[in-house]
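Student: What follows is coords16.pdb, made up of PDB, C-alpha atoms:
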```
ATOM      1  CA  MET A1114       0.000   0.000   0.000
ATOM      2  CA  SER A1115       1.378   3.459  -0.913
ATOM      3  CA  LYS A1116       2.119   6.069   1.720
ATOM      4  CA  LEU A1117      -0.769   8.185   0.458
ATOM      5  CA  ASN A1118      -3.274   5.320   0.636
ATOM      6  CA  ASP A1119      -1.961   4.272   4.034
ATOM      7  CA  SER A1120      -2.375   7.830   5.339
ATOM      8  CA  LYS A1121      -5.879   8.071   3.900
ATOM      9  CA  LYS A1122      -6.858   4.861   5.669
ATOM     10  CA  GLN A1123      -5.616   6.301   8.970
ATOM     11  CA  TYR A1124      -7.830   9.355   8.889
ATOM     12  CA  ASP A1125     -10.747   7.438   7.346
ATOM     13  CA  ASP A1126     -10.654   5.099  10.355
ATOM     14  CA  ILE A1127     -10.810   7.903  12.917
ATOM     15  CA  GLU A1128     -14.160   8.201  14.636
ATOM     16  CA  ILE A1129     -16.216  11.247  13.642
ATOM     17  CA  PRO A1130     -16.703  13.633  16.599
ATOM     18  CA  GLU A1131     -19.927  13.990  18.574
ATOM     19  CA  GLU A1132     -22.942  15.664  16.985
ATOM     20  CA  LEU A1133     -22.470  19.408  16.717
ATOM     21  CA  SER A1134     -25.925  20.044  18.138
ATOM     22  CA  GLN A1135     -24.623  18.839  21.489
ATOM     23  CA  ILE A1136     -21.735  21.306  21.214
ATOM     24  CA  VAL A1137     -24.209  24.103  20.611
ATOM     25  CA  HIS A1138     -26.349  23.164  23.599
ATOM     26  CA  ASP A1139     -23.335  22.836  25.868
ATOM     27  CA  SER A1140     -22.007  26.221  24.698
ATOM     28  CA  ILE A1141     -25.324  27.893  25.412
ATOM     29  CA  ARG A1142     -25.587  26.309  28.850
ATOM     30  CA  LYS A1143     -22.004  27.259  29.691
ATOM     31  CA  ALA A1144     -22.501  30.851  28.555
ATOM     32  CA  HIS A1145     -25.629  31.129  30.711
ATOM     33  CA  LYS A1146     -23.654  30.010  33.756
ATOM     34  CA  LYS A1147     -20.905  32.556  33.041
ATOM     35  CA  GLN A1148     -23.462  35.321  32.584
ATOM     36  CA  GLN A1149     -24.713  34.752  36.123
ATOM     37  CA  LYS A1150     -21.195  35.360  37.441
ATOM     38  CA  ASN A1151     -20.004  38.088  35.090
ATOM     39  CA  LYS A1152     -21.394  41.173  33.336
ATOM     40  CA  PRO A1153     -24.684  40.273  31.633
ATOM     41  CA  LEU A1154     -24.762  39.734  27.900
ATOM     42  CA  LYS A1155     -28.063  40.656  26.293
ATOM     43  CA  GLN A1156     -28.063  38.257  23.394
ATOM     44  CA  TRP A1157     -25.662  36.228  21.327
ATOM     45  CA  GLY A1158     -25.672  33.422  18.817
ATOM     46  CA  ILE A1159     -23.613  30.465  17.806
ATOM     47  CA  GLY A1160     -22.691  29.382  14.331
ATOM     48  CA  ILE A1161     -20.708  26.210  13.849
ATOM     49  CA  ALA A1162     -19.562  24.629  10.617
ATOM     50  CA  ALA A1163     -19.493  20.856  10.317
ATOM     51  CA  ALA A1164     -16.524  19.009  11.764
ATOM     52  CA  ALA A1165     -14.958  16.034   9.999
ATOM     53  CA  THR A1166     -12.282  13.375  10.346
ATOM     54  CA  LEU A1167      -8.688  14.105  11.214
ATOM     55  CA  PHE A1168      -6.165  14.655   8.454
ATOM     56  CA  ILE A1169      -2.870  12.745   8.393
ATOM     57  CA  THR A1170      -0.406  12.864   5.498
ATOM     58  CA  SER A1171       3.034  11.493   4.856
ATOM     59  CA  VAL A1172       3.850  12.737   1.357
ATOM     60  CA  ASN A1173       6.992  14.906   1.244
ATOM     61  CA  ILE A1174       6.646  16.198   4.810
ATOM     62  CA  SER A1175      10.000  17.214   6.239
ATOM     63  CA  PRO A1176      10.702  15.533   9.620
ATOM     64  CA  ALA A1177      11.215  18.909  11.283
ATOM     65  CA  LEU A1178       7.814  20.137  10.139
ATOM     66  CA  ALA A1179       5.996  16.905  10.810
ATOM     67  CA  GLN A1180       7.168  16.809  14.417
ATOM     68  CA  SER A1181       6.753  20.501  15.175
ATOM     69  CA  LEU A1182       3.987  22.009  17.242
ATOM     70  CA  SER A1183       4.953  25.671  17.355
ATOM     71  CA  THR A1184       3.213  28.156  19.611
ATOM     72  CA  VAL A1185       2.534  31.540  18.051
ATOM     73  CA  PRO A1186       3.236  34.090  20.819
ATOM     74  CA  VAL A1187       0.534  36.559  19.864
ATOM     75  CA  LEU A1188      -2.265  35.681  22.260
ATOM     76  CA  GLY A1189      -2.785  35.884  25.978
ATOM     77  CA  SER A1190      -1.535  33.367  28.484
ATOM     78  CA  ILE A1191      -4.740  31.314  28.425
ATOM     79  CA  VAL A1192      -6.023  31.013  24.844
ATOM     80  CA  GLN A1193      -3.337  30.336  22.242
ATOM     81  CA  VAL A1194      -3.116  29.584  18.528
ATOM     82  CA  LEU A1195      -0.832  26.747  17.474
ATOM     83  CA  THR A1196       0.485  25.522  14.162
ATOM     84  CA  LEU A1197      -0.775  21.948  14.297
ATOM     85  CA  LYS A1198       0.818  20.795  11.063
ATOM     86  CA  GLU A1199       2.738  22.101   8.074
ATOM     87  CA  ILE A1200       2.717  20.106   4.845
ATOM     88  CA  GLN A1201       4.990  20.768   1.894
ATOM     89  CA  VAL A1202       4.842  19.057  -1.494
ATOM     90  CA  ALA A1203       7.361  19.895  -4.209
ATOM     91  CA  LYS A1204       7.230  17.734  -7.303
ATOM     92  CA  ASP A1205       8.353  19.203 -10.616
ATOM     93  CA  THR A1206       5.754  21.861 -11.457
ATOM     94  CA  TYR A1207       3.407  20.862  -8.627
ATOM     95  CA  ASN A1208       3.669  22.648  -5.291
ATOM     96  CA  ALA A1209       1.645  22.641  -2.091
ATOM     97  CA  GLU A1210       2.309  24.354   1.212
ATOM     98  CA  LEU A1211      -0.393  23.931   3.830
ATOM     99  CA  LYS A1212      -0.315  25.335   7.343
ATOM    100  CA  THR A1213      -3.035  24.226   9.750
ATOM    101  CA  PRO A1214      -3.899  26.322  12.819
ATOM    102  CA  GLY A1215      -5.244  25.052  16.095
ATOM    103  CA  ILE A1216      -6.705  26.723  19.176
ATOM    104  CA  THR A1217      -5.844  25.686  22.717
ATOM    105  CA  GLY A1218      -6.776  26.978  26.155
ATOM    106  CA  LEU A1219     -10.562  27.158  25.820
ATOM    107  CA  GLU A1220     -12.426  25.712  28.791
ATOM    108  CA  ASN A1221     -15.124  24.633  26.352
ATOM    109  CA  LYS A1222     -13.214  21.612  25.063
ATOM    110  CA  LYS A1223     -15.989  20.518  22.708
ATOM    111  CA  LEU A1224     -15.898  23.870  20.938
ATOM    112  CA  GLU A1225     -12.094  23.806  20.893
ATOM    113  CA  LYS A1226     -12.038  20.297  19.438
ATOM    114  CA  MET A1227     -14.696  21.139  16.855
ATOM    115  CA  LEU A1228     -12.783  24.201  15.637
ATOM    116  CA  ASN A1229      -9.465  22.360  15.439
ATOM    117  CA  GLU A1230     -10.951  19.418  13.572
ATOM    118  CA  LYS A1231     -12.679  21.843  11.198
ATOM    119  CA  TYR A1232      -9.333  23.468  10.401
ATOM    120  CA  ILE A1233      -7.716  20.088   9.869
ATOM    121  CA  ALA A1234     -10.636  18.998   7.678
ATOM    122  CA  GLU A1235     -10.295  22.128   5.535
ATOM    123  CA  ASN A1236      -6.698  21.264   4.725
ATOM    124  CA  GLU A1237      -7.613  17.608   4.279
ATOM    125  CA  ALA A1238     -10.063  18.562   1.541
ATOM    126  CA  LEU A1239      -7.582  20.997   0.015
ATOM    127  CA  TYR A1240      -4.815  18.420  -0.055
ATOM    128  CA  GLU A1241      -7.032  15.700  -1.546
ATOM    129  CA  SER A1242      -8.188  18.113  -4.259
ATOM    130  CA  PHE A1243      -4.554  18.983  -5.010
ATOM    131  CA  GLN A1244      -3.624  15.306  -5.309
ATOM    132  CA  LYS A1245      -6.562  14.637  -7.623
ATOM    133  CA  ASP A1246      -5.792  17.610  -9.865
ATOM    134  CA  MET A1247      -2.113  16.691  -9.981
ATOM    135  CA  LYS A1248      -2.885  13.160 -11.161
ATOM    136  CA  GLU A1249      -5.259  14.486 -13.840
ATOM    137  CA  LEU A1250      -2.641  16.924 -15.134
ATOM    138  CA  GLU A1251       0.017  14.214 -15.194
ATOM    139  CA  ALA A1252      -2.325  11.977 -17.210
ATOM    140  CA  GLU A1253      -2.817  14.816 -19.698
ATOM    141  CA  GLY A1254       0.905  15.397 -20.132
ATOM    142  CA  GLY A1255       1.672  17.762 -17.266
ATOM    143  CA  GLY A1256       1.115  21.349 -16.253
ATOM    144  CA  HIS A1257       1.541  23.813 -13.413
ATOM    145  CA  LEU A1258      -0.405  23.495 -10.179
ATOM    146  CA  GLY A1259      -0.003  25.214  -6.838
ATOM    147  CA  VAL A1260      -1.944  25.479  -3.612
ATOM    148  CA  ALA A1261      -1.215  27.128  -0.282
ATOM    149  CA  SER A1262      -3.036  27.693   2.969
ATOM    150  CA  THR A1263      -2.094  29.746   5.977
ATOM    151  CA  TYR A1264      -3.719  31.655   8.800
ATOM    152  CA  LYS A1265      -3.533  34.959  10.636
ATOM    153  CA  VAL A1266      -4.798  36.128  14.005
ATOM    154  CA  VAL A1267      -6.552  39.378  13.084
ATOM    155  CA  THR A1268      -7.910  40.285  16.534
ATOM    156  CA  ASP A1269      -6.792  39.252  19.999
ATOM    157  CA  THR A1270      -8.203  41.013  23.044
ATOM    158  CA  ASP A1271      -9.417  39.895  26.450
ATOM    159  CA  ASP A1272     -12.854  39.462  24.868
ATOM    160  CA  ILE A1273     -12.419  38.561  21.198
ATOM    161  CA  LEU A1274     -10.302  36.213  19.094
ATOM    162  CA  SER A1275     -10.654  36.410  15.307
ATOM    163  CA  ILE A1276      -8.618  33.967  13.233
ATOM    164  CA  SER A1277      -8.606  34.015   9.418
ATOM    165  CA  ARG A1278      -7.598  31.115   7.175
ATOM    166  CA  TYR A1279      -6.397  31.911   3.659
ATOM    167  CA  GLU A1280      -6.458  29.503   0.714
ATOM    168  CA  VAL A1281      -4.578  30.311  -2.489
ATOM    169  CA  ASN A1282      -5.000  28.209  -5.632
ATOM    170  CA  THR A1283      -2.729  28.725  -8.630
ATOM    171  CA  VAL A1284      -3.739  27.303 -11.998
ATOM    172  CA  GLY A1285      -2.793  29.848 -14.652
ATOM    173  CA  SER A1286      -3.964  32.767 -12.492
ATOM    174  CA  SER A1287      -4.407  32.629  -8.740
ATOM    175  CA  SER A1288      -7.495  32.885  -6.562
ATOM    176  CA  THR A1289      -7.693  33.570  -2.844
ATOM    177  CA  THR A1290     -10.471  32.718  -0.413
ATOM    178  CA  MET A1291     -10.630  33.696   3.234
ATOM    179  CA  ARG A1292     -12.651  32.266   6.089
ATOM    180  CA  THR A1293     -12.732  33.835   9.541
ATOM    181  CA  ASP A1294     -13.942  32.587  12.904
ATOM    182  CA  THR A1295     -14.649  35.096  15.667
ATOM    183  CA  ILE A1296     -14.781  33.719  19.190
ATOM    184  CA  ASP A1297     -16.102  35.307  22.370
ATOM    185  CA  LYS A1298     -13.246  34.269  24.666
ATOM    186  CA  LYS A1299     -15.083  35.041  27.911
ATOM    187  CA  ASN A1300     -18.319  33.215  27.115
ATOM    188  CA  GLU A1301     -16.472  30.749  24.841
ATOM    189  CA  ILE A1302     -18.920  30.773  21.959
ATOM    190  CA  LEU A1303     -18.561  31.192  18.219
ATOM    191  CA  ILE A1304     -20.115  34.450  16.996
ATOM    192  CA  THR A1305     -21.980  34.591  13.691
ATOM    193  CA  LEU A1306     -22.818  37.691  11.681
ATOM    194  CA  PRO A1307     -26.625  37.281  11.993
ATOM    195  CA  SER A1308     -26.301  36.841  15.763
ATOM    196  CA  LEU A1309     -25.166  40.467  16.079
ATOM    197  CA  PHE A1310     -28.416  41.887  14.669
ATOM    198  CA  LYS A1311     -32.121  42.064  15.453
ATOM    199  CA  ASP A1312     -33.178  40.906  11.981
ATOM    200  CA  ASN A1313     -31.897  40.667   8.400
ATOM    201  CA  GLN A1314     -32.139  44.416   7.726
ATOM    202  CA  TYR A1315     -28.414  44.598   8.473
ATOM    203  CA  ILE A1316     -27.811  43.118   5.007
ATOM    204  CA  GLU A1317     -29.239  46.166   3.238
ATOM    205  CA  ALA A1318     -27.618  48.646   5.632
ATOM    206  CA  ILE A1319     -24.139  47.177   5.235
ATOM    207  CA  SER A1320     -24.490  46.600   1.496
ATOM    208  CA  THR A1321     -25.624  50.167   0.834
ATOM    209  CA  TYR A1322     -22.662  51.546   2.772
ATOM    210  CA  ILE A1323     -20.148  49.310   0.984
ATOM    211  CA  LYS A1324     -21.502  50.206  -2.468
ATOM    212  CA  GLY A1325     -21.193  53.873  -1.593
ATOM    213  CA  GLU A1326     -17.592  53.345  -0.446
ATOM    214  CA  MET A1327     -16.746  51.475  -3.653
ATOM    215  CA  ILE A1328     -18.073  54.301  -5.811
ATOM    216  CA  LYS A1329     -16.270  56.905  -3.680
ATOM    217  CA  GLN A1330     -12.935  55.056  -3.910
ATOM    218  CA  MET A1331     -13.211  54.635  -7.678
ATOM    219  CA  ALA A1332     -13.918  58.342  -8.096
ATOM    220  CA  ALA A1333     -10.809  59.203  -6.082
ATOM    221  CA  ASP A1334      -8.411  56.753  -7.771
ATOM    222  CA  GLU A1335      -8.630  55.521 -11.373
ATOM    223  CA  ASN A1336      -6.599  52.443 -10.452
ATOM    224  CA  ILE A1337      -9.328  51.217  -8.130
ATOM    225  CA  ILE A1338     -12.054  49.153  -9.763
ATOM    226  CA  TYR A1339     -15.088  47.487  -8.209
ATOM    227  CA  TRP A1340     -17.868  45.619  -9.931
ATOM    228  CA  VAL A1341     -20.622  47.940  -8.789
ATOM    229  CA  GLY A1342     -23.291  49.983 -10.511
ATOM    230  CA  SER A1343     -24.791  49.749 -13.975
ATOM    231  CA  GLU A1344     -21.421  50.087 -15.704
ATOM    232  CA  ALA A1345     -19.805  47.093 -14.009
ATOM    233  CA  ASP A1346     -17.826  44.874 -16.403
ATOM    234  CA  PHE A1347     -18.949  41.749 -14.560
ATOM    235  CA  VAL A1348     -21.947  40.842 -12.421
ATOM    236  CA  ALA A1349     -22.409  43.890 -10.232
ATOM    237  CA  PHE A1350     -22.200  43.627  -6.469
ATOM    238  CA  GLU A1351     -25.658  44.043  -4.991
ATOM    239  CA  ALA A1352     -25.566  42.752  -1.425
ATOM    240  CA  ILE A1353     -23.503  40.827   1.065
ATOM    241  CA  SER A1354     -24.567  37.304   1.927
ATOM    242  CA  PRO A1355     -26.199  36.760   5.341
ATOM    243  CA  ASP A1356     -23.063  34.940   6.490
ATOM    244  CA  GLN A1357     -20.508  37.139   4.735
ATOM    245  CA  THR A1358     -16.958  36.828   6.067
ATOM    246  CA  PHE A1359     -16.529  39.250   8.953
ATOM    247  CA  SER A1360     -14.421  40.028  11.976
ATOM    248  CA  ILE A1361     -14.526  42.351  14.966
ATOM    249  CA  THR A1362     -11.588  44.679  15.501
ATOM    250  CA  ALA A1363      -9.810  45.361  18.782
ATOM    251  CA  ASP A1364     -11.740  48.645  19.075
ATOM    252  CA  HIS A1365     -15.100  46.897  18.559
ATOM    253  CA  LYS A1366     -15.708  47.770  14.896
ATOM    254  CA  LEU A1367     -17.286  45.404  12.377
ATOM    255  CA  THR A1368     -15.352  44.556   9.224
ATOM    256  CA  ILE A1369     -16.726  42.801   6.147
ATOM    257  CA  SER A1370     -14.425  40.957   3.725
ATOM    258  CA  PHE A1371     -14.641  39.688   0.146
ATOM    259  CA  ASP A1372     -12.557  37.024  -1.561
ATOM    260  CA  LYS A1373     -10.310  37.806  -4.498
ATOM    261  CA  TYR A1374     -12.464  38.179  -7.654
ATOM    262  CA  GLU A1375     -15.661  38.320  -5.590
ATOM    263  CA  VAL A1376     -16.414  42.024  -6.132
ATOM    264  CA  ALA A1377     -13.397  43.311  -8.067
ATOM    265  CA  PRO A1378     -10.630  42.288 -10.491
ATOM    266  CA  GLY A1379      -7.989  39.913  -9.173
ATOM    267  CA  TYR A1380      -5.295  42.574  -8.740
ATOM    268  CA  MET A1381      -7.427  44.141  -5.994
ATOM    269  CA  GLY A1382      -6.932  41.003  -3.893
ATOM    270  CA  VAL A1383      -8.927  40.163  -0.744
ATOM    271  CA  LEU A1384     -10.933  43.256   0.217
ATOM    272  CA  THR A1385     -12.032  44.400   3.658
ATOM    273  CA  PHE A1386     -14.350  47.276   4.594
ATOM    274  CA  GLU A1387     -14.723  48.637   8.122
ATOM    275  CA  ILE A1388     -18.363  49.501   8.777
ATOM    276  CA  PRO A1389     -18.979  52.663  10.848
ATOM    277  CA  THR A1390     -21.062  51.740  13.861
ATOM    278  CA  GLU A1391     -23.570  54.508  13.161
ATOM    279  CA  VAL A1392     -24.453  52.745   9.886
ATOM    280  CA  ILE A1393     -25.679  49.635  11.720
ATOM    281  CA  GLU A1394     -26.389  50.948  15.222
ATOM    282  CA  SER A1395     -30.165  50.705  14.910
ATOM    283  CA  ASN A1396     -29.881  47.113  13.682
ATOM    284  CA  LEU A1397     -27.612  45.820  16.456
ATOM    285  CA  ILE A1398     -29.006  43.673  19.239
ATOM    286  CA  SER A1399     -26.670  45.428  21.668
ATOM    287  CA  ASN A1400     -23.325  47.194  21.795
ATOM    288  CA  TYR A1401     -21.667  44.329  23.649
ATOM    289  CA  TYR A1402     -19.497  43.423  20.647
ATOM    290  CA  ILE A1403     -19.855  46.396  18.283
ATOM    291  CA  LYS A1404     -19.484  49.929  19.685
TER     292      LYS A1404
END
```
Just dump the structure as structure tokens.
Tutor:
Amino acid sequence: MSKLNDSKKQYDDIEIPEELSQIVHDSIRKAHKKQQKNKPLKQWGIGIAAAATLFITSVNISPALAQSLSTVPVLGSIVQVLTLKEIQVAKDTYNAELKTPGITGLENKKLEKMLNEKYIAENEALYESFQKDMKELEAEGGGHLGVASTYKVVTDTDDILSISRYEVNTVGSSSTTMRTDTIDKKNEILITLPSLFKDNQYIEAISTYIKGEMIKQMAADENIIYWVGSEADFVAFEAISPDQTFSITADHKLTISFDKYEVAPGYMGVLTFEIPTEVIESNLISNYYIK
């Protein structure tokens, strides 16, 4: 059996974690208990993506990387972000470099485990897709293929941890996608964008502001291009999605992000807009997170 097949069997045999509904219920119960001891929180929500099996590979991993578990010294003494695994593949014109983050120090171990297994599963899927595409290209006579994933802690305060994962695919031109998780460190819950607002009217409020900012930026700089308005070269941006990528800054401001090519040409890259609180103030459930 090849190393790749042997590795696949290892993570296929790992038991899938407990149902995520139980994680949600436990998080809610735990947050209620903490609210009785600490400053009350008016309302919050939890959004959790599906967890999956653990990812183990053995193809072209350097021993130093495979055995490393490096702490990133950017967080407080309790909650930390770790590099769980780094994977490097270099074969002719095929290259992959995957870095998987992990969170440690949460008292809510079910939430911690779910997040870490989600991050591992993301790179599992990315690596499997890379292997499949590489084999197809080899069968067709070869080509260039590259993939990379990394992460960045974008906010770290006593209250909030926001961690973004970036995925870059290179086939001819490159594309970049970003996913961000924002965690309430005190109540140990995962915050979703809809959970910050009374109803879905925040979508229109945020979208209107962003479209206005796009038009303003284009008017000020001819090198800036957004796909907005009736003269857009591609499908014009109309509104954010209900679960658009977001984060909360250290000074309690909401930011909204778009992937490369999502609302603008590729040279504009991943785009982030900070939303003034007055734009969404009437839509917020409270000012606990956004001020």
Student: Using Å and a single decimal, report how far atom CA of A:Glu1199 sits from atom CA of A:Gly1215.
Tutor: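 Separating atom CA of A:Gly1215 from atom CA of A:Glu1199 is a distance of 11.7 Å.
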Student: So which residues touch A:Val1348 within 12 Å, counting only C-alpha atoms, skipping near sequence neighbours fewer than 3 positions away, as number ranges by chain?
Tutor: A: 1339-1345, 1351-1352, 1374-1378
Student: Using the chain letters and numbers from the file, which residues does the PyMOL selection byres ((chain A and resi 1326) around 12) grab, as a PyMOL selection string?
Tutor: chain A and resi 1319-1325+1327-1333+1337-1339+1341+1385-1389
Student: Residues picked by the PyMOL selection byres ((chain A and resi 1264) around 9) here, as a ChimeraX atom specification?
Tutor: /A:1212-1214,1262-1263,1265-1266,1276-1280
Student: Given the file above and the PyMOL selection byres ((chain A and resi 1274) around 6), which residues are selected, and can you give them as a PyMOL selection string?
Tutor: chain A and resi 1268-1269+1273+1275+1295-1296
Student: Write out as a list in words each polymer residue whose atoms come within 7 Å of A:Asn1221, counting all atoms listed in the file; drop sequence neighbours fewer than 3 positions from it.
Tutor: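 Near A:Asn1221, the qualifying residues are Leu1224, Glu1225 and Glu1301 of chain A.
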Student: A:Glu1220, A:Asp1205, A:Lys1226, A:Tyr1232: which is nearest A:Met1247, counting only C-alpha atoms?
Tutor: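 Using only C-alpha atoms, the shortest distance to A:Met1247 belongs to A:Asp1205.
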Student: Have a look at atom CA of A:Ile1361 and atom CA of A:Asn1313 and let me know their distance in Å, one decimal.
Tutor: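 Atom CA of A:Asn1313 lies at a distance of 18.6 Å from atom CA of A:Ile1361.
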Student: Atom CA of A:Thr1270 and atom CA of A:Thr1289, how far apart in Å?
Tutor: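 The value is 26.9 Å.
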Student: Could you make a table, as a tab-separated table, of the residues of stretch 1321-1367 of chain A that have an atom within 8 Å of an atom of stretch 1398-1403 of chain A, each with its nearest atom pair and distance in Å to one decimal, counting all atoms listed in the file, in chain and number order?
Tutor:
```
residue	atom	partner	partner_atom	distance
A:Ile1361	CA	A:Ile1403	CA	7.5
A:His1365	CA	A:Ile1403	CA	4.8
A:Lys1366	CA	A:Ile1403	CA	5.5
A:Leu1367	CA	A:Ile1403	CA	6.5
```
Student: Could you tell me which of A:Asn1336, A:Asn1396, A:Gln1193, A:Thr1206 comes closest to A:Gly1256 if we count only C-alpha atoms?
Tutor: A:Thr1206
Student: Reconstruct all heavy atoms of stretch 1286-1294 of chain A from the incomplete input and present them as a short mmCIF file (atom, residue, chain, number, x, y, z; two decimals), in the frame of the given file.
Tutor:
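Output (result-v1.cif):
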```cif
data_model
loop_
_atom_site.label_atom_id
_atom_site.label_comp_id
_atom_site.auth_asym_id
_atom_site.auth_seq_id
_atom_site.Cartn_x
_atom_site.Cartn_y
_atom_site.Cartn_z
N SER A 1286 -3.91 31.63 -13.41
CA SER A 1286 -3.96 32.77 -12.49
C SER A 1286 -4.31 32.24 -11.10
O SER A 1286 -4.67 31.07 -10.95
CB SER A 1286 -5.03 33.78 -12.95
OG SER A 1286 -6.30 33.17 -12.98
N SER A 1287 -4.18 33.09 -10.11
CA SER A 1287 -4.41 32.63 -8.74
C SER A 1287 -5.72 33.18 -8.20
O SER A 1287 -6.19 34.24 -8.60
CB SER A 1287 -3.25 33.06 -7.83
OG SER A 1287 -3.21 34.47 -7.72
N SER A 1288 -6.30 32.43 -7.27
CA SER A 1288 -7.50 32.88 -6.56
C SER A 1288 -7.25 32.73 -5.06
O SER A 1288 -6.50 31.85 -4.64
CB SER A 1288 -8.73 32.07 -6.98
OG SER A 1288 -8.57 30.71 -6.62
N THR A 1289 -7.87 33.61 -4.29
CA THR A 1289 -7.69 33.57 -2.84
C THR A 1289 -9.05 33.62 -2.17
O THR A 1289 -9.88 34.48 -2.48
CB THR A 1289 -6.85 34.76 -2.36
OG1 THR A 1289 -5.60 34.78 -3.05
CG2 THR A 1289 -6.58 34.66 -0.86
N THR A 1290 -9.27 32.70 -1.23
CA THR A 1290 -10.47 32.72 -0.41
C THR A 1290 -10.06 32.85 1.04
O THR A 1290 -9.00 32.39 1.45
CB THR A 1290 -11.32 31.45 -0.60
OG1 THR A 1290 -10.52 30.30 -0.25
CG2 THR A 1290 -11.79 31.30 -2.03
N MET A 1291 -10.91 33.48 1.82
CA MET A 1291 -10.63 33.70 3.23
C MET A 1291 -11.84 33.32 4.06
O MET A 1291 -12.97 33.67 3.72
CB MET A 1291 -10.26 35.16 3.50
CG MET A 1291 -9.93 35.46 4.96
SD MET A 1291 -9.46 37.19 5.24
CE MET A 1291 -11.04 38.01 5.08
N ARG A 1292 -11.60 32.61 5.14
CA ARG A 1292 -12.65 32.27 6.09
C ARG A 1292 -12.20 32.71 7.47
O ARG A 1292 -11.05 32.48 7.84
CB ARG A 1292 -12.94 30.76 6.07
CG ARG A 1292 -13.71 30.30 4.85
CD ARG A 1292 -13.67 28.80 4.68
NE ARG A 1292 -12.37 28.38 4.16
CZ ARG A 1292 -12.12 27.14 3.75
NH1 ARG A 1292 -13.05 26.22 3.82
NH2 ARG A 1292 -10.93 26.83 3.28
N THR A 1293 -13.09 33.30 8.23
CA THR A 1293 -12.73 33.84 9.54
C THR A 1293 -13.69 33.32 10.60
O THR A 1293 -14.90 33.31 10.39
CB THR A 1293 -12.76 35.38 9.53
OG1 THR A 1293 -11.84 35.86 8.55
CG2 THR A 1293 -12.37 35.94 10.89
N ASP A 1294 -13.15 32.92 11.73
CA ASP A 1294 -13.94 32.59 12.90
C ASP A 1294 -13.69 33.64 13.97
O ASP A 1294 -12.54 34.03 14.22
CB ASP A 1294 -13.56 31.22 13.47
CG ASP A 1294 -14.07 30.08 12.62
OD1 ASP A 1294 -15.15 30.23 12.02
OD2 ASP A 1294 -13.41 29.03 12.56
#
```
